[in-house]
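Below is run_20.cif, which holds mmCIF, N, CA and C atoms.
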data_target
#
loop_
_atom_site.label_atom_id
_atom_site.label_comp_id
_atom_site.auth_asym_id
_atom_site.auth_seq_id
_atom_site.Cartn_x
_atom_site.Cartn_y
_atom_site.Cartn_z
N MET R 1 0.85 -1.17 0.00
CA MET R 1 0.00 0.00 0.00
C MET R 1 0.90 1.24 0.00
N LYS R 2 0.54 2.25 -0.77
CA LYS R 2 1.30 3.49 -0.82
C LYS R 2 0.57 4.55 -0.01
N ILE R 3 1.37 5.31 0.76
CA ILE R 3 0.80 6.45 1.48
C ILE R 3 1.65 7.68 1.21
N GLU R 4 1.02 8.83 1.32
CA GLU R 4 1.71 10.10 1.16
C GLU R 4 2.14 10.60 2.54
N THR R 5 3.35 11.12 2.63
CA THR R 5 3.83 11.72 3.86
C THR R 5 4.53 13.03 3.52
N THR R 6 4.41 13.99 4.38
CA THR R 6 5.10 15.26 4.18
C THR R 6 6.60 15.08 4.36
N GLN R 7 6.98 14.29 5.35
CA GLN R 7 8.39 14.11 5.70
C GLN R 7 9.16 13.24 4.70
N PHE R 8 8.52 12.19 4.18
CA PHE R 8 9.24 11.21 3.37
C PHE R 8 8.69 11.05 1.95
N GLY R 9 7.70 11.83 1.58
CA GLY R 9 7.10 11.70 0.25
C GLY R 9 6.19 10.48 0.19
N THR R 10 6.05 9.90 -0.98
CA THR R 10 5.24 8.70 -1.16
C THR R 10 6.08 7.49 -0.76
N ILE R 11 5.51 6.68 0.15
CA ILE R 11 6.24 5.49 0.60
C ILE R 11 5.34 4.27 0.51
N GLN R 12 5.98 3.13 0.37
CA GLN R 12 5.29 1.84 0.33
C GLN R 12 5.31 1.25 1.73
N ILE R 13 4.15 0.83 2.24
CA ILE R 13 4.08 0.20 3.56
C ILE R 13 3.33 -1.12 3.44
N GLU R 14 3.57 -1.98 4.43
CA GLU R 14 2.82 -3.22 4.50
C GLU R 14 1.53 -2.94 5.25
N GLU R 15 0.41 -3.20 4.61
CA GLU R 15 -0.89 -2.91 5.21
C GLU R 15 -1.09 -3.61 6.55
N LYS R 16 -0.53 -4.81 6.68
CA LYS R 16 -0.71 -5.58 7.91
C LYS R 16 0.03 -4.94 9.09
N LYS R 17 0.95 -4.00 8.84
CA LYS R 17 1.70 -3.34 9.90
C LYS R 17 1.09 -2.01 10.35
N ILE R 18 -0.07 -1.70 9.83
CA ILE R 18 -0.75 -0.47 10.25
C ILE R 18 -1.29 -0.66 11.66
N ILE R 19 -0.97 0.29 12.51
CA ILE R 19 -1.36 0.26 13.92
C ILE R 19 -2.64 1.07 14.09
N THR R 20 -3.62 0.47 14.75
CA THR R 20 -4.90 1.14 15.00
C THR R 20 -4.91 1.69 16.42
N MET R 21 -5.36 2.93 16.55
CA MET R 21 -5.55 3.55 17.86
C MET R 21 -7.05 3.72 18.07
N PRO R 22 -7.71 2.76 18.70
CA PRO R 22 -9.17 2.84 18.87
C PRO R 22 -9.64 4.12 19.54
N ALA R 23 -8.84 4.68 20.45
CA ALA R 23 -9.25 5.89 21.17
C ALA R 23 -8.68 7.17 20.55
N ASP R 24 -8.12 7.10 19.36
CA ASP R 24 -7.47 8.24 18.71
C ASP R 24 -6.22 8.65 19.48
N MET R 25 -5.42 9.46 18.84
CA MET R 25 -4.26 10.06 19.49
C MET R 25 -4.78 11.31 20.20
N PRO R 26 -4.55 11.44 21.52
CA PRO R 26 -5.07 12.61 22.25
C PRO R 26 -4.68 13.92 21.55
N GLY R 27 -5.68 14.76 21.36
CA GLY R 27 -5.46 16.03 20.70
C GLY R 27 -5.57 15.96 19.18
N PHE R 28 -5.75 14.77 18.65
CA PHE R 28 -5.84 14.59 17.20
C PHE R 28 -7.03 13.70 16.86
N PRO R 29 -8.24 14.22 17.06
CA PRO R 29 -9.43 13.40 16.80
C PRO R 29 -9.49 12.91 15.36
N GLY R 30 -9.97 11.67 15.23
CA GLY R 30 -10.12 11.08 13.90
C GLY R 30 -8.86 10.49 13.32
N ARG R 31 -7.73 10.63 14.04
CA ARG R 31 -6.47 10.05 13.57
C ARG R 31 -6.29 8.71 14.25
N LYS R 32 -6.61 7.64 13.56
CA LYS R 32 -6.64 6.31 14.15
C LYS R 32 -5.60 5.34 13.61
N TYR R 33 -5.01 5.65 12.47
CA TYR R 33 -4.13 4.68 11.82
C TYR R 33 -2.72 5.24 11.65
N PHE R 34 -1.75 4.46 12.14
CA PHE R 34 -0.35 4.89 12.13
C PHE R 34 0.55 3.74 11.70
N ILE R 35 1.76 4.11 11.34
CA ILE R 35 2.79 3.13 11.01
C ILE R 35 4.09 3.62 11.63
N ILE R 36 4.91 2.70 12.10
CA ILE R 36 6.23 3.08 12.62
C ILE R 36 7.22 2.99 11.48
N LEU R 37 7.92 4.10 11.25
CA LEU R 37 8.93 4.14 10.21
C LEU R 37 10.30 4.25 10.85
N GLU R 38 11.22 3.46 10.36
CA GLU R 38 12.58 3.47 10.86
C GLU R 38 13.49 3.99 9.76
N ARG R 39 14.34 4.93 10.11
CA ARG R 39 15.31 5.48 9.19
C ARG R 39 16.70 5.32 9.82
N LYS R 40 17.63 4.72 9.10
CA LYS R 40 18.96 4.46 9.65
C LYS R 40 19.60 5.71 10.22
N LYS R 41 19.45 6.83 9.52
CA LYS R 41 20.16 8.03 9.96
C LYS R 41 19.55 8.70 11.20
N THR R 42 18.36 8.27 11.61
CA THR R 42 17.75 8.88 12.80
C THR R 42 17.65 7.91 13.98
N ARG R 43 18.23 6.72 13.86
CA ARG R 43 18.20 5.77 14.97
C ARG R 43 18.88 6.38 16.18
N PRO R 44 18.41 6.17 17.36
CA PRO R 44 17.37 5.25 17.82
C PRO R 44 15.96 5.85 17.79
N PHE R 45 15.81 6.97 17.09
CA PHE R 45 14.50 7.61 16.96
C PHE R 45 13.73 6.98 15.81
N TYR R 46 12.42 6.88 15.98
CA TYR R 46 11.52 6.35 14.95
C TYR R 46 10.48 7.42 14.63
N TRP R 47 9.75 7.20 13.56
CA TRP R 47 8.66 8.09 13.18
C TRP R 47 7.35 7.34 13.35
N TYR R 48 6.41 7.95 14.03
CA TYR R 48 5.06 7.40 14.20
C TYR R 48 4.19 8.20 13.24
N GLN R 49 4.09 7.70 12.02
CA GLN R 49 3.46 8.41 10.91
C GLN R 49 1.98 8.07 10.82
N CYS R 50 1.15 9.09 10.77
CA CYS R 50 -0.29 8.89 10.59
C CYS R 50 -0.54 8.49 9.14
N VAL R 51 -1.28 7.43 8.95
CA VAL R 51 -1.62 6.95 7.61
C VAL R 51 -2.70 7.83 6.98
N ASP R 52 -3.58 8.39 7.82
CA ASP R 52 -4.70 9.21 7.34
C ASP R 52 -4.34 10.66 7.04
N ASP R 53 -3.22 11.13 7.59
CA ASP R 53 -2.86 12.54 7.49
C ASP R 53 -1.37 12.65 7.19
N PRO R 54 -1.01 13.01 5.95
CA PRO R 54 0.40 13.05 5.58
C PRO R 54 1.23 14.05 6.38
N ASP R 55 0.57 15.05 6.97
CA ASP R 55 1.28 16.08 7.74
C ASP R 55 1.55 15.68 9.18
N LEU R 56 0.94 14.60 9.66
CA LEU R 56 1.04 14.23 11.07
C LEU R 56 2.01 13.07 11.28
N ALA R 57 3.12 13.39 11.93
CA ALA R 57 4.12 12.37 12.28
C ALA R 57 4.79 12.79 13.57
N PHE R 58 5.00 11.84 14.45
CA PHE R 58 5.65 12.09 15.72
C PHE R 58 6.99 11.37 15.75
N VAL R 59 7.98 11.99 16.34
CA VAL R 59 9.25 11.32 16.59
C VAL R 59 9.07 10.59 17.92
N ILE R 60 9.42 9.30 17.94
CA ILE R 60 9.27 8.50 19.15
C ILE R 60 10.58 7.76 19.45
N ILE R 61 10.71 7.33 20.70
CA ILE R 61 11.89 6.59 21.12
C ILE R 61 11.52 5.69 22.29
N ASN R 62 12.25 4.61 22.46
CA ASN R 62 12.10 3.75 23.62
C ASN R 62 12.70 4.51 24.81
N PRO R 63 11.93 4.82 25.85
CA PRO R 63 12.43 5.64 26.95
C PRO R 63 13.55 4.98 27.75
N CYS R 64 13.64 3.67 27.73
CA CYS R 64 14.66 2.97 28.51
C CYS R 64 16.06 3.20 27.94
N LEU R 65 16.15 3.71 26.72
CA LEU R 65 17.46 4.00 26.13
C LEU R 65 18.13 5.19 26.81
N PHE R 66 17.35 6.13 27.35
CA PHE R 66 17.94 7.29 28.01
C PHE R 66 17.53 7.40 29.48
N LYS R 67 16.55 6.61 29.90
CA LYS R 67 16.13 6.55 31.30
C LYS R 67 15.87 5.09 31.64
N PRO R 68 16.93 4.34 31.94
CA PRO R 68 16.82 2.88 32.13
C PRO R 68 15.84 2.45 33.21
N ASP R 69 15.58 3.30 34.19
CA ASP R 69 14.66 2.92 35.27
C ASP R 69 13.21 3.35 34.98
N TYR R 70 12.92 3.77 33.75
CA TYR R 70 11.56 4.20 33.41
C TYR R 70 10.60 3.02 33.54
N SER R 71 9.49 3.27 34.21
CA SER R 71 8.53 2.20 34.45
C SER R 71 7.13 2.78 34.55
N VAL R 72 6.17 2.11 33.96
CA VAL R 72 4.77 2.52 34.07
C VAL R 72 3.92 1.29 34.40
N ASP R 73 2.84 1.52 35.10
CA ASP R 73 1.92 0.45 35.46
C ASP R 73 0.97 0.24 34.28
N LEU R 74 1.07 -0.89 33.64
CA LEU R 74 0.27 -1.20 32.46
C LEU R 74 -1.08 -1.83 32.78
N THR R 75 -1.34 -2.15 34.03
CA THR R 75 -2.52 -2.92 34.42
C THR R 75 -3.81 -2.34 33.86
N GLN R 76 -4.05 -1.05 34.07
CA GLN R 76 -5.30 -0.43 33.63
C GLN R 76 -5.43 -0.44 32.11
N THR R 77 -4.35 -0.10 31.41
CA THR R 77 -4.40 -0.08 29.94
C THR R 77 -4.60 -1.48 29.38
N LEU R 78 -3.94 -2.48 29.96
CA LEU R 78 -4.13 -3.86 29.50
C LEU R 78 -5.60 -4.26 29.62
N LYS R 79 -6.23 -3.83 30.72
CA LYS R 79 -7.63 -4.16 30.95
C LYS R 79 -8.53 -3.38 29.98
N GLU R 80 -8.33 -2.06 29.88
CA GLU R 80 -9.17 -1.22 29.02
C GLU R 80 -9.08 -1.61 27.54
N MET R 81 -7.88 -2.02 27.11
CA MET R 81 -7.69 -2.38 25.71
C MET R 81 -7.96 -3.87 25.45
N SER R 82 -8.31 -4.63 26.50
CA SER R 82 -8.51 -6.08 26.40
C SER R 82 -7.25 -6.78 25.92
N TRP R 83 -6.12 -6.35 26.45
CA TRP R 83 -4.83 -6.94 26.09
C TRP R 83 -4.32 -7.89 27.17
N GLU R 84 -5.11 -8.17 28.20
CA GLU R 84 -4.62 -9.00 29.32
C GLU R 84 -4.06 -10.34 28.86
N THR R 85 -4.72 -10.97 27.89
CA THR R 85 -4.29 -12.29 27.45
C THR R 85 -2.99 -12.23 26.64
N ASP R 86 -2.69 -11.07 26.09
CA ASP R 86 -1.46 -10.91 25.30
C ASP R 86 -0.23 -10.76 26.20
N GLY R 87 -0.45 -10.25 27.39
CA GLY R 87 0.65 -10.07 28.33
C GLY R 87 1.52 -8.87 28.03
N LYS R 88 2.31 -8.48 29.02
CA LYS R 88 3.18 -7.32 28.90
C LYS R 88 4.28 -7.50 27.87
N LYS R 89 4.66 -8.73 27.62
CA LYS R 89 5.77 -8.98 26.68
C LYS R 89 5.42 -8.56 25.25
N ASN R 90 4.16 -8.43 24.93
CA ASN R 90 3.75 -8.02 23.60
C ASN R 90 3.47 -6.52 23.50
N VAL R 91 3.77 -5.79 24.56
CA VAL R 91 3.53 -4.34 24.57
C VAL R 91 4.87 -3.61 24.58
N GLU R 92 5.10 -2.82 23.55
CA GLU R 92 6.29 -1.98 23.48
C GLU R 92 5.92 -0.59 23.94
N ILE R 93 6.86 0.06 24.63
CA ILE R 93 6.61 1.40 25.15
C ILE R 93 7.53 2.39 24.44
N TYR R 94 6.92 3.46 23.96
CA TYR R 94 7.65 4.56 23.33
C TYR R 94 7.17 5.85 23.98
N VAL R 95 7.97 6.89 23.82
CA VAL R 95 7.55 8.22 24.25
C VAL R 95 7.74 9.17 23.08
N VAL R 96 6.90 10.20 23.05
CA VAL R 96 6.97 11.20 21.99
C VAL R 96 8.10 12.18 22.33
N VAL R 97 8.88 12.49 21.32
CA VAL R 97 10.03 13.37 21.48
C VAL R 97 9.70 14.76 20.95
N ASN R 98 10.14 15.76 21.69
CA ASN R 98 10.02 17.16 21.27
C ASN R 98 11.39 17.55 20.74
N THR R 99 11.51 17.74 19.44
CA THR R 99 12.81 18.02 18.84
C THR R 99 13.13 19.50 18.87
N SER R 100 14.40 19.78 18.74
CA SER R 100 14.89 21.15 18.68
C SER R 100 15.99 21.16 17.62
N LYS R 101 15.64 21.62 16.42
CA LYS R 101 16.57 21.55 15.29
C LYS R 101 17.91 22.19 15.61
N GLY R 102 18.95 21.40 15.43
CA GLY R 102 20.30 21.90 15.60
C GLY R 102 20.78 22.05 17.03
N VAL R 103 19.91 21.75 18.01
CA VAL R 103 20.29 21.89 19.41
C VAL R 103 19.93 20.59 20.15
N PRO R 104 20.77 19.56 20.02
CA PRO R 104 20.47 18.27 20.65
C PRO R 104 20.23 18.35 22.16
N ASP R 105 20.91 19.28 22.84
CA ASP R 105 20.74 19.40 24.29
C ASP R 105 19.33 19.81 24.69
N LYS R 106 18.56 20.33 23.76
CA LYS R 106 17.20 20.79 24.07
C LYS R 106 16.13 19.77 23.68
N ILE R 107 16.53 18.59 23.21
CA ILE R 107 15.57 17.54 22.85
C ILE R 107 15.01 16.94 24.14
N THR R 108 13.68 16.90 24.22
CA THR R 108 13.03 16.35 25.41
C THR R 108 12.04 15.27 25.01
N ALA R 109 11.60 14.52 26.01
CA ALA R 109 10.63 13.45 25.77
C ALA R 109 9.49 13.57 26.78
N ASN R 110 8.31 13.20 26.34
CA ASN R 110 7.12 13.25 27.19
C ASN R 110 6.99 11.91 27.93
N LEU R 111 7.49 11.88 29.16
CA LEU R 111 7.44 10.65 29.94
C LEU R 111 6.09 10.42 30.62
N ILE R 112 5.21 11.43 30.64
CA ILE R 112 3.90 11.24 31.28
C ILE R 112 2.81 10.86 30.27
N GLY R 113 3.20 10.71 29.02
CA GLY R 113 2.24 10.29 27.99
C GLY R 113 2.80 9.20 27.11
N PRO R 114 3.20 8.06 27.71
CA PRO R 114 3.80 7.00 26.90
C PRO R 114 2.83 6.41 25.88
N LEU R 115 3.40 6.02 24.78
CA LEU R 115 2.66 5.37 23.71
C LEU R 115 2.87 3.87 23.86
N LEU R 116 1.80 3.13 24.07
CA LEU R 116 1.86 1.68 24.26
C LEU R 116 1.39 1.02 22.98
N ILE R 117 2.22 0.15 22.44
CA ILE R 117 1.88 -0.52 21.18
C ILE R 117 1.89 -2.02 21.39
N ASN R 118 0.74 -2.64 21.14
CA ASN R 118 0.61 -4.09 21.22
C ASN R 118 1.09 -4.63 19.87
N ILE R 119 2.28 -5.23 19.87
CA ILE R 119 2.89 -5.68 18.62
C ILE R 119 2.26 -6.96 18.07
N LYS R 120 1.45 -7.61 18.88
CA LYS R 120 0.74 -8.81 18.44
C LYS R 120 -0.53 -8.42 17.69
N ARG R 121 -1.23 -7.39 18.20
CA ARG R 121 -2.51 -6.98 17.62
C ARG R 121 -2.41 -5.75 16.71
N TYR R 122 -1.26 -5.10 16.70
CA TYR R 122 -1.10 -3.84 15.96
C TYR R 122 -2.14 -2.82 16.40
N GLU R 123 -2.23 -2.67 17.72
CA GLU R 123 -3.09 -1.66 18.33
C GLU R 123 -2.23 -0.81 19.25
N ALA R 124 -2.68 0.43 19.49
CA ALA R 124 -1.91 1.32 20.36
C ALA R 124 -2.83 2.17 21.19
N ASP R 125 -2.25 2.68 22.28
CA ASP R 125 -2.96 3.60 23.16
C ASP R 125 -1.92 4.53 23.77
N GLN R 126 -2.28 5.79 23.91
CA GLN R 126 -1.41 6.71 24.61
C GLN R 126 -1.96 6.93 26.00
N MET R 127 -1.19 6.50 27.00
CA MET R 127 -1.57 6.68 28.40
C MET R 127 -1.29 8.12 28.83
N VAL R 128 -2.00 8.56 29.84
CA VAL R 128 -1.65 9.81 30.51
C VAL R 128 -1.45 9.46 31.97
N ILE R 129 -0.23 9.67 32.44
CA ILE R 129 0.11 9.32 33.82
C ILE R 129 -0.11 10.54 34.71
N HIS R 130 -0.93 10.35 35.74
CA HIS R 130 -1.20 11.43 36.69
C HIS R 130 -0.39 11.18 37.95
N ASP R 131 -0.17 12.23 38.70
CA ASP R 131 0.55 12.12 39.98
C ASP R 131 1.86 11.36 39.82
N SER R 132 2.71 11.85 38.96
CA SER R 132 3.97 11.19 38.68
C SER R 132 5.13 12.17 38.87
N SER R 133 6.29 11.62 39.16
CA SER R 133 7.49 12.45 39.25
C SER R 133 8.09 12.67 37.85
N TYR R 134 7.55 11.98 36.85
CA TYR R 134 8.03 12.15 35.48
C TYR R 134 7.59 13.50 34.93
N SER R 135 8.23 13.92 33.87
CA SER R 135 7.96 15.21 33.24
C SER R 135 7.53 15.01 31.79
N HIS R 136 6.84 15.99 31.25
CA HIS R 136 6.50 15.96 29.82
C HIS R 136 7.64 16.57 29.00
N LYS R 137 8.68 17.07 29.67
CA LYS R 137 9.84 17.63 29.00
C LYS R 137 11.13 17.11 29.64
N TYR R 138 11.27 15.81 29.65
CA TYR R 138 12.45 15.18 30.24
C TYR R 138 13.60 15.23 29.21
N PRO R 139 14.78 15.74 29.61
CA PRO R 139 15.90 15.83 28.65
C PRO R 139 16.35 14.44 28.19
N VAL R 140 16.51 14.28 26.89
CA VAL R 140 16.93 13.01 26.32
C VAL R 140 18.45 12.85 26.42
N PHE R 141 19.17 13.96 26.25
CA PHE R 141 20.65 13.91 26.31
C PHE R 141 21.15 14.58 27.56
#
Could you quickly redo this structure as structure tokens?
Amino acid sequence: MKIETTQFGTIQIEEKKIITMPADMPGFPGRKYFIILERKKTRPFYWYQCVDDPDLAFVIINPCLFKPDYSVDLTQTLKEMSWETDGKKNVEIYVVVNTSKGVPDKITANLIGPLLINIKRYEADQMVIHDSSYSHKYPVF
């Protein structure tokens, strides 16, 4: 399947790898379908590209790469998304990155809004963590 993206132009994706967000991405109503794009030159960062909107793409990263003790309680999300039978091992955790062109020291990550992706079902949910010591602007470097 071909999709249009502002960042990468027209790209070919595998339809079976499209991730559905049943509850939408918070702040982006109607945006339900995404794909993770990996680019060698931006590793360990990935792109969470909206399939429905070529202009909408988020930079994401595994938070344990820069905050090894990062931990969130998945119990409620597993229950709400009916993922209990899939177990935690099938859920990957990413956080959205706030980039700062040309100033790596100013790159931050939103640790209170992790993106949970069930890699078995190709479904995702963005949690909002309340009453946490984490920040929505945690320095990556």
message: Under the rule that only N, CA and C atoms are counted, which of R:Thr10, R:Gln49, R:Gln76, R:Ser135 is the nearest residue to Ala109 of chain R?
response: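 When distances to Ala109 of chain R are compared using only N, CA and C atoms, the smallest one comes from R:Ser135.
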query: Selected by the PyMOL selection byres ((chain R and resi 54) around 6.5) in the shown coordinates: which residues, as a list in words?
result: Glu4, Thr5, Thr6, Gln7, Cys50, Val51, Asp52, Asp53, Asp55, Leu56 and Ala57 of chain R
Could you list, as a PDB file with N, CA and C atoms, in the coordinates of the input, every residue matched by the PyMOL selection byres ((chain R and resi 37) around 7) in this structure?
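The resulting file, selection.pdb, is shown below:
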ATOM      1  N   ILE R  35       1.760   4.110  11.340  1.00  0.00           N
ATOM      2  CA  ILE R  35       2.790   3.130  11.010  1.00  0.00           C
ATOM      3  C   ILE R  35       4.090   3.620  11.630  1.00  0.00           C
ATOM      4  N   ILE R  36       4.910   2.700  12.100  1.00  0.00           N
ATOM      5  CA  ILE R  36       6.230   3.080  12.620  1.00  0.00           C
ATOM      6  C   ILE R  36       7.220   2.990  11.480  1.00  0.00           C
ATOM      7  N   GLU R  38      11.220   3.460  10.360  1.00  0.00           N
ATOM      8  CA  GLU R  38      12.580   3.470  10.860  1.00  0.00           C
ATOM      9  C   GLU R  38      13.490   3.990   9.760  1.00  0.00           C
ATOM     10  N   ARG R  39      14.340   4.930  10.110  1.00  0.00           N
ATOM     11  CA  ARG R  39      15.310   5.480   9.190  1.00  0.00           C
ATOM     12  C   ARG R  39      16.700   5.320   9.820  1.00  0.00           C
ATOM     13  N   PHE R  45      15.810   6.970  17.090  1.00  0.00           N
ATOM     14  CA  PHE R  45      14.500   7.610  16.960  1.00  0.00           C
ATOM     15  C   PHE R  45      13.730   6.980  15.810  1.00  0.00           C
ATOM     16  N   TYR R  46      12.420   6.880  15.980  1.00  0.00           N
ATOM     17  CA  TYR R  46      11.520   6.350  14.950  1.00  0.00           C
ATOM     18  C   TYR R  46      10.480   7.420  14.630  1.00  0.00           C
ATOM     19  N   TRP R  47       9.750   7.200  13.560  1.00  0.00           N
ATOM     20  CA  TRP R  47       8.660   8.090  13.180  1.00  0.00           C
ATOM     21  C   TRP R  47       7.350   7.340  13.350  1.00  0.00           C
ATOM     22  N   TYR R  48       6.410   7.950  14.030  1.00  0.00           N
ATOM     23  CA  TYR R  48       5.060   7.400  14.200  1.00  0.00           C
ATOM     24  C   TYR R  48       4.190   8.200  13.240  1.00  0.00           C
ATOM     25  N   GLN R  49       4.090   7.700  12.020  1.00  0.00           N
ATOM     26  CA  GLN R  49       3.460   8.410  10.910  1.00  0.00           C
ATOM     27  C   GLN R  49       1.980   8.070  10.820  1.00  0.00           C
TER      28      GLN R  49
END
Name the residues of chain R that fall into strand (DSSP E or B) according to DSSP on the backbone, using the chain letters and numbers of this document, as a compact mmCIF listing (two decimals) with N, CA and C atoms, in the coordinates of the input.
# COMPACT_ATOMS: atom_id res chain seq x y z
N LYS R 2 0.54 2.25 -0.77
CA LYS R 2 1.30 3.49 -0.82
C LYS R 2 0.57 4.55 -0.01
N ILE R 3 1.37 5.31 0.76
CA ILE R 3 0.80 6.45 1.48
C ILE R 3 1.65 7.68 1.21
N GLU R 4 1.02 8.83 1.32
CA GLU R 4 1.71 10.10 1.16
C GLU R 4 2.14 10.60 2.54
N THR R 5 3.35 11.12 2.63
CA THR R 5 3.83 11.72 3.86
C THR R 5 4.53 13.03 3.52
N GLY R 9 7.70 11.83 1.58
CA GLY R 9 7.10 11.70 0.25
C GLY R 9 6.19 10.48 0.19
N THR R 10 6.05 9.90 -0.98
CA THR R 10 5.24 8.70 -1.16
C THR R 10 6.08 7.49 -0.76
N ILE R 11 5.51 6.68 0.15
CA ILE R 11 6.24 5.49 0.60
C ILE R 11 5.34 4.27 0.51
N GLN R 12 5.98 3.13 0.37
CA GLN R 12 5.29 1.84 0.33
C GLN R 12 5.31 1.25 1.73
N ILE R 19 -0.97 0.29 12.51
CA ILE R 19 -1.36 0.26 13.92
C ILE R 19 -2.64 1.07 14.09
N THR R 20 -3.62 0.47 14.75
CA THR R 20 -4.90 1.14 15.00
C THR R 20 -4.91 1.69 16.42
N MET R 25 -5.42 9.46 18.84
CA MET R 25 -4.26 10.06 19.49
C MET R 25 -4.78 11.31 20.20
N PHE R 28 -5.75 14.77 18.65
CA PHE R 28 -5.84 14.59 17.20
C PHE R 28 -7.03 13.70 16.86
N TYR R 33 -5.01 5.65 12.47
CA TYR R 33 -4.13 4.68 11.82
C TYR R 33 -2.72 5.24 11.65
N PHE R 34 -1.75 4.46 12.14
CA PHE R 34 -0.35 4.89 12.13
C PHE R 34 0.55 3.74 11.70
N ILE R 35 1.76 4.11 11.34
CA ILE R 35 2.79 3.13 11.01
C ILE R 35 4.09 3.62 11.63
N ILE R 36 4.91 2.70 12.10
CA ILE R 36 6.23 3.08 12.62
C ILE R 36 7.22 2.99 11.48
N LEU R 37 7.92 4.10 11.25
CA LEU R 37 8.93 4.14 10.21
C LEU R 37 10.30 4.25 10.85
N GLU R 38 11.22 3.46 10.36
CA GLU R 38 12.58 3.47 10.86
C GLU R 38 13.49 3.99 9.76
N TYR R 46 12.42 6.88 15.98
CA TYR R 46 11.52 6.35 14.95
C TYR R 46 10.48 7.42 14.63
N TRP R 47 9.75 7.20 13.56
CA TRP R 47 8.66 8.09 13.18
C TRP R 47 7.35 7.34 13.35
N TYR R 48 6.41 7.95 14.03
CA TYR R 48 5.06 7.40 14.20
C TYR R 48 4.19 8.20 13.24
N GLN R 49 4.09 7.70 12.02
CA GLN R 49 3.46 8.41 10.91
C GLN R 49 1.98 8.07 10.82
N CYS R 50 1.15 9.09 10.77
CA CYS R 50 -0.29 8.89 10.59
C CYS R 50 -0.54 8.49 9.14
N ALA R 57 3.12 13.39 11.93
CA ALA R 57 4.12 12.37 12.28
C ALA R 57 4.79 12.79 13.57
N PHE R 58 5.00 11.84 14.45
CA PHE R 58 5.65 12.09 15.72
C PHE R 58 6.99 11.37 15.75
N VAL R 59 7.98 11.99 16.34
CA VAL R 59 9.25 11.32 16.59
C VAL R 59 9.07 10.59 17.92
N ILE R 60 9.42 9.30 17.94
CA ILE R 60 9.27 8.50 19.15
C ILE R 60 10.58 7.76 19.45
N ILE R 61 10.71 7.33 20.70
CA ILE R 61 11.89 6.59 21.12
C ILE R 61 11.52 5.69 22.29
N VAL R 91 3.77 -5.79 24.56
CA VAL R 91 3.53 -4.34 24.57
C VAL R 91 4.87 -3.61 24.58
N GLU R 92 5.10 -2.82 23.55
CA GLU R 92 6.29 -1.98 23.48
C GLU R 92 5.92 -0.59 23.94
N ILE R 93 6.86 0.06 24.63
CA ILE R 93 6.61 1.40 25.15
C ILE R 93 7.53 2.39 24.44
N TYR R 94 6.92 3.46 23.96
CA TYR R 94 7.65 4.56 23.33
C TYR R 94 7.17 5.85 23.98
N VAL R 95 7.97 6.89 23.82
CA VAL R 95 7.55 8.22 24.25
C VAL R 95 7.74 9.17 23.08
N VAL R 96 6.90 10.20 23.05
CA VAL R 96 6.97 11.20 21.99
C VAL R 96 8.10 12.18 22.33
N VAL R 97 8.88 12.49 21.32
CA VAL R 97 10.03 13.37 21.48
C VAL R 97 9.70 14.76 20.95
N ASN R 98 10.14 15.76 21.69
CA ASN R 98 10.02 17.16 21.27
C ASN R 98 11.39 17.55 20.74
N THR R 108 13.68 16.90 24.22
CA THR R 108 13.03 16.35 25.41
C THR R 108 12.04 15.27 25.01
N ALA R 109 11.60 14.52 26.01
CA ALA R 109 10.63 13.45 25.77
C ALA R 109 9.49 13.57 26.78
N LEU R 115 3.40 6.02 24.78
CA LEU R 115 2.66 5.37 23.71
C LEU R 115 2.87 3.87 23.86
N LEU R 116 1.80 3.13 24.07
CA LEU R 116 1.86 1.68 24.26
C LEU R 116 1.39 1.02 22.98
N ILE R 117 2.22 0.15 22.44
CA ILE R 117 1.88 -0.52 21.18
C ILE R 117 1.89 -2.02 21.39
N ASN R 118 0.74 -2.64 21.14
CA ASN R 118 0.61 -4.09 21.22
C ASN R 118 1.09 -4.63 19.87
N GLU R 123 -2.23 -2.67 17.72
CA GLU R 123 -3.09 -1.66 18.33
C GLU R 123 -2.23 -0.81 19.25
N ALA R 124 -2.68 0.43 19.49
CA ALA R 124 -1.91 1.32 20.36
C ALA R 124 -2.83 2.17 21.19
N ASP R 125 -2.25 2.68 22.28
CA ASP R 125 -2.96 3.60 23.16
C ASP R 125 -1.92 4.53 23.77
N GLN R 126 -2.28 5.79 23.91
CA GLN R 126 -1.41 6.71 24.61
C GLN R 126 -1.96 6.93 26.00
N TYR R 138 11.27 15.81 29.65
CA TYR R 138 12.45 15.18 30.24
C TYR R 138 13.60 15.23 29.21
N PRO R 139 14.78 15.74 29.61
CA PRO R 139 15.90 15.83 28.65
C PRO R 139 16.35 14.44 28.19
- prompt: Do you have the atom CA of Glu15 of chain R-atom CA of Val91 of chain R distance handy?
  reply: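 Result for atom CA of Glu15 of chain R versus atom CA of Val91 of chain R: 19.9 Å, one decimal.
The result of the PyMOL selection byres (((chain R and resi 130 and name CA) around 12) and name CA) on the shown file is Val72, Asp73, Leu111, Ile112, Gly113, Pro114, Met127, Val128, Ile129, Asp131, Ser132, Ser133, Tyr134, Ser135 and His136 of chain R.
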task: Per DSSP on the backbone, filter chain R down to the residues in helix (DSSP H, G or I) and report them as a ChimeraX atom specification.
output: /R:15-17,40-42,63-65,75-80,88-90,104-106
message: Which residue is closest to Asn98 of chain R? Choose from R:Trp83, R:Phe8, R:Tyr70, R:Phe58 and count only C-alpha atoms.
response: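 Of R:Trp83, R:Phe8, R:Tyr70, R:Phe58, the one nearest Asn98 of chain R is R:Phe58, counting only C-alpha atoms.
The shortest atom-to-atom distance to Leu116 of chain R, with only C-alpha atoms taken into account, belongs to R:Ile19 out of R:Val140, R:Val103, R:Ile19, R:Val97.
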message: If I take atom CA of Met1 of chain R and atom N of Asp125 of chain R, how far is one from the other in Å, to one decimal?
response: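 Going from atom CA of Met1 of chain R over to atom N of Asp125 of chain R, I get 22.6 Å.
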- request: Find the residues near Asn62 of chain R: any atom within 6.5 Å, counting only N, CA and C atoms, skip ones fewer than 3 places away on the same chain, and give them as a list in words.
  value: Pro44, Leu65, Phe66, Ile93, Tyr94 and Val95 of chain R
